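These notes are about the structure you will find just below.
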Amino acid sequence: MSCNFELGHYRDLLRAAVEGGYRFTFFEEEPQPHALYLRHDVDLSLDAAIQMAEIEIEEGARATYFLMTQSVFYNLHSPEGLRAQNRLRELGHRVGLHAVWPGAELDDRFDPVVAWHNPDSDYMSDPLPGAVNVMEPPWFDPDQYRSDSNQRWRNGCPHEELRSGTFEWLQLLVHPEIWVYPGNSMRETMLTLLDAERDRRLELLADDRIDLS
Ligand SMILES: [Zn+2]
Ligand SMILES: [Zn+2]
């Protein structure tokens, strides 16, 4: 099995987790043996988030999607943003806030759970009033945590450990863009994402009655 960052291998990861006896759960529950918190920080693309969300449902998985209200890449108030939030809810996933420090303003679009975007270590794990911070104990434990940040698993791809049930429980941070857009490095993947964005924006321009003839 080749450990690439493609949706096919993402499915492998989900199936390995099921085989290993893990149970998909949400941050409203404290870690139990074999709990698997699938966490998605949506940094760049709502399209990618929705594609991943649909695949998870096909595989019987549930995840928490952390959406930004201060993103320079997408707008939750746009029709596309509203559609994405509705679709995630419809599919049965949770929606948390991917906040930019220090503003963690939760409103009724969000479950009471926050993941900081690119946090500094001095506030990363601080508890928050009225909400779970995903990087505070007991939800964060370095031994029960894996992240695909910048298309690199710091401790290796977890598929084998999931299959064998090695983790007591796991918080798995997966960035949808990395898996939805092909590329052998983060740079290549980002260039593929930008090509797709260009096409998407051309459609948006046409919808906005811009003459592209
Ligand atoms: Zn793998
Ligand atoms: Zn982020």
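How things are named: the first chain in the structure tokens is A, the next is B, and so on; residues count from 1 in each chain; ligands count from 1 in the order shown.
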Hey, what's within 7 Å of region 35-41 of chain A if we count only C-alpha atoms and toss same-chain stuff fewer than 3 positions away? As a PDB file with N, CA and C atoms, in the first residue's frame, please?
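Just written: selection.pdb:
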```pdb
ATOM      1  N   TYR A  22     -11.678   1.127  15.856  1.00  0.00           N
ATOM      2  CA  TYR A  22     -11.877   2.510  16.323  1.00  0.00           C
ATOM      3  C   TYR A  22     -13.300   2.963  16.052  1.00  0.00           C
ATOM      4  N   ARG A  23     -13.747   3.897  16.856  1.00  0.00           N
ATOM      5  CA  ARG A  23     -15.100   4.435  16.792  1.00  0.00           C
ATOM      6  C   ARG A  23     -14.984   5.946  16.572  1.00  0.00           C
ATOM      7  N   PHE A  24     -15.631   6.420  15.496  1.00  0.00           N
ATOM      8  CA  PHE A  24     -15.576   7.852  15.187  1.00  0.00           C
ATOM      9  C   PHE A  24     -16.392   8.620  16.213  1.00  0.00           C
ATOM     10  N   THR A  25     -15.775   9.621  16.796  1.00  0.00           N
ATOM     11  CA  THR A  25     -16.486  10.358  17.825  1.00  0.00           C
ATOM     12  C   THR A  25     -16.223  11.856  17.706  1.00  0.00           C
ATOM     13  N   PHE A  26     -16.861  12.628  18.563  1.00  0.00           N
ATOM     14  CA  PHE A  26     -16.789  14.088  18.497  1.00  0.00           C
ATOM     15  C   PHE A  26     -16.232  14.636  19.802  1.00  0.00           C
ATOM     16  N   PRO A  31     -11.955  11.504  25.700  1.00  0.00           N
ATOM     17  CA  PRO A  31     -11.372  10.296  25.099  1.00  0.00           C
ATOM     18  C   PRO A  31     -11.666   9.021  25.893  1.00  0.00           C
ATOM     19  N   GLN A  32     -12.116   8.003  25.166  1.00  0.00           N
ATOM     20  CA  GLN A  32     -12.339   6.653  25.694  1.00  0.00           C
ATOM     21  C   GLN A  32     -11.441   5.730  24.870  1.00  0.00           C
ATOM     22  N   ALA A  63     -16.824  13.213  11.218  1.00  0.00           N
ATOM     23  CA  ALA A  63     -15.692  14.083  11.520  1.00  0.00           C
ATOM     24  C   ALA A  63     -16.177  15.423  12.050  1.00  0.00           C
ATOM     25  N   THR A  64     -15.240  16.191  12.583  1.00  0.00           N
ATOM     26  CA  THR A  64     -15.526  17.576  12.952  1.00  0.00           C
ATOM     27  C   THR A  64     -14.763  18.484  11.989  1.00  0.00           C
ATOM     28  N   TYR A  65     -15.516  19.321  11.298  1.00  0.00           N
ATOM     29  CA  TYR A  65     -14.939  20.276  10.345  1.00  0.00           C
ATOM     30  C   TYR A  65     -14.806  21.634  11.017  1.00  0.00           C
ATOM     31  N   PHE A  66     -13.598  22.152  11.059  1.00  0.00           N
ATOM     32  CA  PHE A  66     -13.343  23.456  11.669  1.00  0.00           C
ATOM     33  C   PHE A  66     -13.264  24.499  10.563  1.00  0.00           C
ATOM     34  N   LEU A  67     -14.259  25.391  10.557  1.00  0.00           N
ATOM     35  CA  LEU A  67     -14.367  26.404   9.505  1.00  0.00           C
ATOM     36  C   LEU A  67     -13.946  27.770  10.041  1.00  0.00           C
ATOM     37  N   HIS A  98     -12.624  27.318  13.382  1.00  0.00           N
ATOM     38  CA  HIS A  98     -11.166  27.388  13.183  1.00  0.00           C
ATOM     39  C   HIS A  98     -10.795  28.855  13.370  1.00  0.00           C
ATOM     40  N   TRP A 169      -6.274   5.750  21.696  1.00  0.00           N
ATOM     41  CA  TRP A 169      -7.289   6.542  20.993  1.00  0.00           C
ATOM     42  C   TRP A 169      -6.503   7.523  20.158  1.00  0.00           C
ATOM     43  N   LEU A 170      -7.183   8.258  19.279  1.00  0.00           N
ATOM     44  CA  LEU A 170      -6.412   9.126  18.388  1.00  0.00           C
ATOM     45  C   LEU A 170      -7.194  10.371  18.001  1.00  0.00           C
ATOM     46  N   GLN A 171      -6.483  11.513  18.012  1.00  0.00           N
ATOM     47  CA  GLN A 171      -6.968  12.712  17.331  1.00  0.00           C
ATOM     48  C   GLN A 171      -6.180  12.809  16.031  1.00  0.00           C
ATOM     49  N   LEU A 172      -6.892  12.708  14.905  1.00  0.00           N
ATOM     50  CA  LEU A 172      -6.251  12.693  13.594  1.00  0.00           C
ATOM     51  C   LEU A 172      -6.614  13.980  12.858  1.00  0.00           C
ATOM     52  N   LEU A 173      -5.618  14.838  12.682  1.00  0.00           N
ATOM     53  CA  LEU A 173      -5.837  16.107  11.978  1.00  0.00           C
ATOM     54  C   LEU A 173      -5.498  15.922  10.494  1.00  0.00           C
ATOM     55  N   VAL A 174      -6.514  16.121   9.670  1.00  0.00           N
ATOM     56  CA  VAL A 174      -6.367  15.953   8.226  1.00  0.00           C
ATOM     57  C   VAL A 174      -6.866  17.226   7.540  1.00  0.00           C
ATOM     58  N   HIS A 175      -6.037  17.792   6.680  1.00  0.00           N
ATOM     59  CA  HIS A 175      -6.420  18.979   5.909  1.00  0.00           C
ATOM     60  C   HIS A 175      -6.974  18.524   4.560  1.00  0.00           C
ATOM     61  N   PRO A 176      -8.266  18.754   4.308  1.00  0.00           N
ATOM     62  CA  PRO A 176      -8.881  18.203   3.092  1.00  0.00           C
ATOM     63  C   PRO A 176      -8.144  18.570   1.792  1.00  0.00           C
TER      64      PRO A 176
END
```
inquiry  = When you look at region 149-155 of chain A with a cut-off of 7 Å (counting only C-alpha atoms), what residues show up, excluding the ones that are within fewer than 3 positions of it in the same chain? I need them as a PyMOL selection string.
reply    = chain A and resi 178+185-186
message = Quick one: residues within 10 Å of Phe73 (chain A), only C-alpha atoms, excluding same-chain residues fewer than 4 positions away - as a ChimeraX atom specification?
response = /A:43-46,68
Residues from last step as file, N, CA and C atoms, as a tab-separated table (two decimals), in the first residue's frame:
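Output saved as again20.tsv:
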```tsv
chain	number	residue	atom	x	y	z
A	43	ASP	N	-8.56	25.21	5.90
A	43	ASP	CA	-7.77	26.43	5.76
A	43	ASP	C	-8.03	27.13	4.44
A	44	LEU	N	-8.30	26.37	3.39
A	44	LEU	CA	-8.24	26.96	2.05
A	44	LEU	C	-9.46	26.73	1.18
A	45	SER	N	-10.13	25.59	1.31
A	45	SER	CA	-11.12	25.24	0.29
A	45	SER	C	-12.34	24.53	0.88
A	46	LEU	N	-13.50	25.16	0.73
A	46	LEU	CA	-14.74	24.51	1.16
A	46	LEU	C	-15.08	23.36	0.22
A	68	MET	N	-13.38	28.57	9.15
A	68	MET	CA	-12.89	29.90	9.54
A	68	MET	C	-13.93	30.97	9.22
```
key: region 94-184 of chain A: residues DSSP assigns to helix (DSSP H, G or I), reported as a VMD selection string   = chain A and resid 142 to 144 149 to 151 159 to 163 176 to 180
Listing only residues of chain A within 6 Å of ligand 1, what is the closest atom pair and its distance in Å (to one decimal) for each, using only C-alpha atoms and all ligand atoms, sorted by chain and residue number ascending, as a tab-separated table?
```
residue	atom	partner	partner_atom_place_in_ligand_line	distance
A:Cys3	CA	ligand 1	1 (Zn)	3.8
A:Cys157	CA	ligand 1	1 (Zn)	4.6
A:His159	CA	ligand 1	1 (Zn)	4.7
```
Identify, on the basis of only C-alpha atoms, every residue whose closest approach to Asp120 (chain A) does not exceed 12 Å; exclude the query and any residue fewer than 4 positions from it along the same chain; express the result as a PDB file with N, CA and C atoms, in the first residue's frame.
```pdb
ATOM      1  N   VAL A 100      -8.871  32.449  14.562  1.00  0.00           N
ATOM      2  CA  VAL A 100      -7.605  33.173  14.474  1.00  0.00           C
ATOM      3  C   VAL A 100      -7.430  33.931  15.780  1.00  0.00           C
ATOM      4  N   TRP A 101      -6.387  33.605  16.501  1.00  0.00           N
ATOM      5  CA  TRP A 101      -6.165  34.156  17.822  1.00  0.00           C
ATOM      6  C   TRP A 101      -6.108  35.671  17.786  1.00  0.00           C
ATOM      7  N   PRO A 102      -6.719  36.378  18.732  1.00  0.00           N
ATOM      8  CA  PRO A 102      -7.399  35.874  19.922  1.00  0.00           C
ATOM      9  C   PRO A 102      -8.922  35.751  19.773  1.00  0.00           C
ATOM     10  N   TRP A 116      -7.470  26.465  17.026  1.00  0.00           N
ATOM     11  CA  TRP A 116      -6.765  27.677  16.578  1.00  0.00           C
ATOM     12  C   TRP A 116      -6.046  27.411  15.263  1.00  0.00           C
ATOM     13  N   MET A 124      -1.745  27.897  22.814  1.00  0.00           N
ATOM     14  CA  MET A 124      -2.326  26.785  22.056  1.00  0.00           C
ATOM     15  C   MET A 124      -3.235  25.878  22.894  1.00  0.00           C
ATOM     16  N   SER A 125      -2.810  25.576  24.120  1.00  0.00           N
ATOM     17  CA  SER A 125      -3.529  24.586  24.925  1.00  0.00           C
ATOM     18  C   SER A 125      -4.395  25.213  26.005  1.00  0.00           C
ATOM     19  N   ASP A 126      -4.500  26.542  26.036  1.00  0.00           N
ATOM     20  CA  ASP A 126      -5.289  27.200  27.090  1.00  0.00           C
ATOM     21  C   ASP A 126      -6.764  26.831  26.966  1.00  0.00           C
ATOM     22  N   MET A 135      -6.823  21.358  21.505  1.00  0.00           N
ATOM     23  CA  MET A 135      -5.437  21.121  21.889  1.00  0.00           C
ATOM     24  C   MET A 135      -5.239  21.153  23.409  1.00  0.00           C
TER      25      MET A 135
END
```
inquiry  = From a backbone DSSP assignment, name each residue in region 109-173 of chain A labelled strand (DSSP E or B), as a list in words.
reply    = Val113, Val114, Ala115, Trp116, Leu128, Ala131, Val132, Asn133, Tyr145, Arg146, Ser147, Leu170, Gln171, Leu172 and Leu173 of chain A
Expected file contents, prior selection, C-alpha atoms, as a JSON list (two decimals), in the first residue's frame:
```
[["chain", "number", "residue", "atom", "x", "y", "z"],
["A", 113, "VAL", "CA", -15.41, 23.48, 19.91],
["A", 114, "VAL", "CA", -12.44, 25.53, 18.73],
["A", 115, "ALA", "CA", -9.22, 24.78, 16.91],
["A", 116, "TRP", "CA", -6.77, 27.68, 16.58],
["A", 128, "LEU", "CA", -11.62, 28.45, 26.61],
["A", 131, "ALA", "CA", -15.97, 25.60, 24.51],
["A", 132, "VAL", "CA", -13.55, 22.74, 24.07],
["A", 133, "ASN", "CA", -10.11, 23.71, 22.78],
["A", 145, "TYR", "CA", -2.20, 12.69, 17.90],
["A", 146, "ARG", "CA", -1.23, 12.66, 14.23],
["A", 147, "SER", "CA", -1.27, 15.50, 11.72],
["A", 170, "LEU", "CA", -6.41, 9.13, 18.39],
["A", 171, "GLN", "CA", -6.97, 12.71, 17.33],
["A", 172, "LEU", "CA", -6.25, 12.69, 13.59],
["A", 173, "LEU", "CA", -5.84, 16.11, 11.98]]
```
message = With only C-alpha atoms as the counted atoms, please give the residues lying no more than 12 Å from Ser2 (chain A), apart from itself and same-chain residues fewer than 6 positions off, as an MDAnalysis selection string.
response = chainID A and resid 8:10 12:13 157 159:160
Output for the residues just chosen: C-alpha atoms as a PDB file, in the first residue's frame:
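Wrote it out as again-v3.pdb, contents follow:
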```
ATOM      1  CA  GLY A   8      -7.898   6.580  -2.342  1.00  0.00           C
ATOM      2  CA  HIS A   9      -5.426   6.328   0.504  1.00  0.00           C
ATOM      3  CA  TYR A  10      -7.649   8.448   2.698  1.00  0.00           C
ATOM      4  CA  ASP A  12      -7.632   3.183   3.203  1.00  0.00           C
ATOM      5  CA  LEU A  13      -7.043   5.119   6.419  1.00  0.00           C
ATOM      6  CA  CYS A 157       1.339   7.608   8.003  1.00  0.00           C
ATOM      7  CA  HIS A 159      -2.700   3.505   8.542  1.00  0.00           C
ATOM      8  CA  GLU A 160      -0.816   0.504   9.903  1.00  0.00           C
TER       9      GLU A 160
END
```
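When CA of Glu80 (chain A) is paired with CA of Glu177 (chain A), their separation reads 16.6 Å.
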Contact check, region 92-168 of chain A to region 56-62 of chain A, at most 10 Å, counting only C-alpha atoms, closest pairs as JSON lines:
```
{"residue": "A:Gly92", "atom": "CA", "partner": "A:Arg62", "partner_atom": "CA", "distance": 7.0}
{"residue": "A:His93", "atom": "CA", "partner": "A:Arg62", "partner_atom": "CA", "distance": 5.5}
{"residue": "A:Arg94", "atom": "CA", "partner": "A:Arg62", "partner_atom": "CA", "distance": 8.0}
```
ask   = Restricting the calculation to only C-alpha atoms and all ligand atoms, which member of A:His34, A:Met52, A:Arg11, A:Leu97 is positioned closest to ligand 2?
value =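 Smallest distance to ligand 2 is found for A:Leu97.
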